[in-house]
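Q: I'd like to ask you about the structure that follows.
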Amino acid sequence: QPAGSVVFPQSGGCTMFEKVVVIDCKNHLLGRLASIVAKELLNGQRVVCVRCEDINISGSFYRNKLKFLDKLRKRTNTNPAHGPYHFRAPSRIFHRVIRGMIPHKTHRGKCAMERLKAFDGIPEQYEKSKRMVVPDAFRVTRLKPGRRYCVLGRISLEIGWKHKEAVERLEAKRKERSAVYWEEKKAQLGKAKAAKAAVADQFDAKLAKFGY
């Protein structure tokens with residue numbers, strides 16, 4: 001579990017209900033994460049998924065690429081504009097995986113899908129939000145050590161996603177900003193701790209006079 005991260009409720013546990021839950025998808029397995037998110041959406045939880053390009057898929061890259069290329073062949077022969085539509089961006093692929101786990105043609109399913117947002121990278125409005133992880137879907141806890149896996153962002157790049165470099169550039173800028181923000185926050189926390197300790201010493205001295 002990454003340092004400073006918050007744990008999303010595990011399957012079988014009580015359902016968390018916050019106004020919005022932001023999930024950092026990095027190093028989570030695609031299907032396992034999608035199933036947990038789908039259940040939360042149906043239960044009424046609003047979910048925002050960020051860093052979808054870092055989602056992992058079990059199995060080697062070559063094997064998964066062949067699967068994706070096989071899916072791309074499937075289209076309406078007479079007019080491909082009629083679908084099925086094959087999205088290239090990792091966030092849209094993840095959105096489609098979740099959609100397959102929800103009865104999206106019913107009113108209930110449609111409302112559930114409206115509660116979901118998925119992004120490549122971390123947009124500015126979610127930069128300072130507390131991001132959660134899902135232990136039940138973590139690659140390190142679910143995949144046997146030594147097993148092959150691949151990253152969704154790389155598959156997207158190979159099948160026609162054109163914004164990988166742009167996302168990486170924006171992510172690098174965001175990490176620089178967050179490093180500055182964290183240093184400032186640490187300084188403020190240090191000052192607050194020192195002030196609290198100074199005040200506590202005064203009270204301890206006063207209480208000691210009365211035998212406490």
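Residues are named by chain letter and number: chains run A, B, ... in the order of the structure tokens, numbers start at 1 in each chain, and ligands are numbered from 1 in the order shown.
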Find the spatial neighbours of stretch 90-107 of chain A, counting only C-alpha atoms, within a cut-off of 7 Å - ignore same-chain residues fewer than 2 positions away - and output them as an MDAnalysis selection string.
A: chainID A and resid 34:35 38 52:53 87:88 109:111 118:120 152:153 156
Q: Near A:Glu158, within 12 Å and counting only C-alpha atoms, which residues show up once chain neighbours fewer than 6 positions away are dropped, as a VMD selection string?
A: chain A and resid 61 to 62 64 to 66 68 to 69 88 to 90 151 to 152 164
Q: Write out as a ChimeraX atom specification all residues of stretch 6-199 of chain A that backbone DSSP assigns to helix (DSSP H, G or I).
A: /A:30-42,52-54,61-73,80-82,90-99,107-114,124-126,135-137,139-142,152-158,164-199
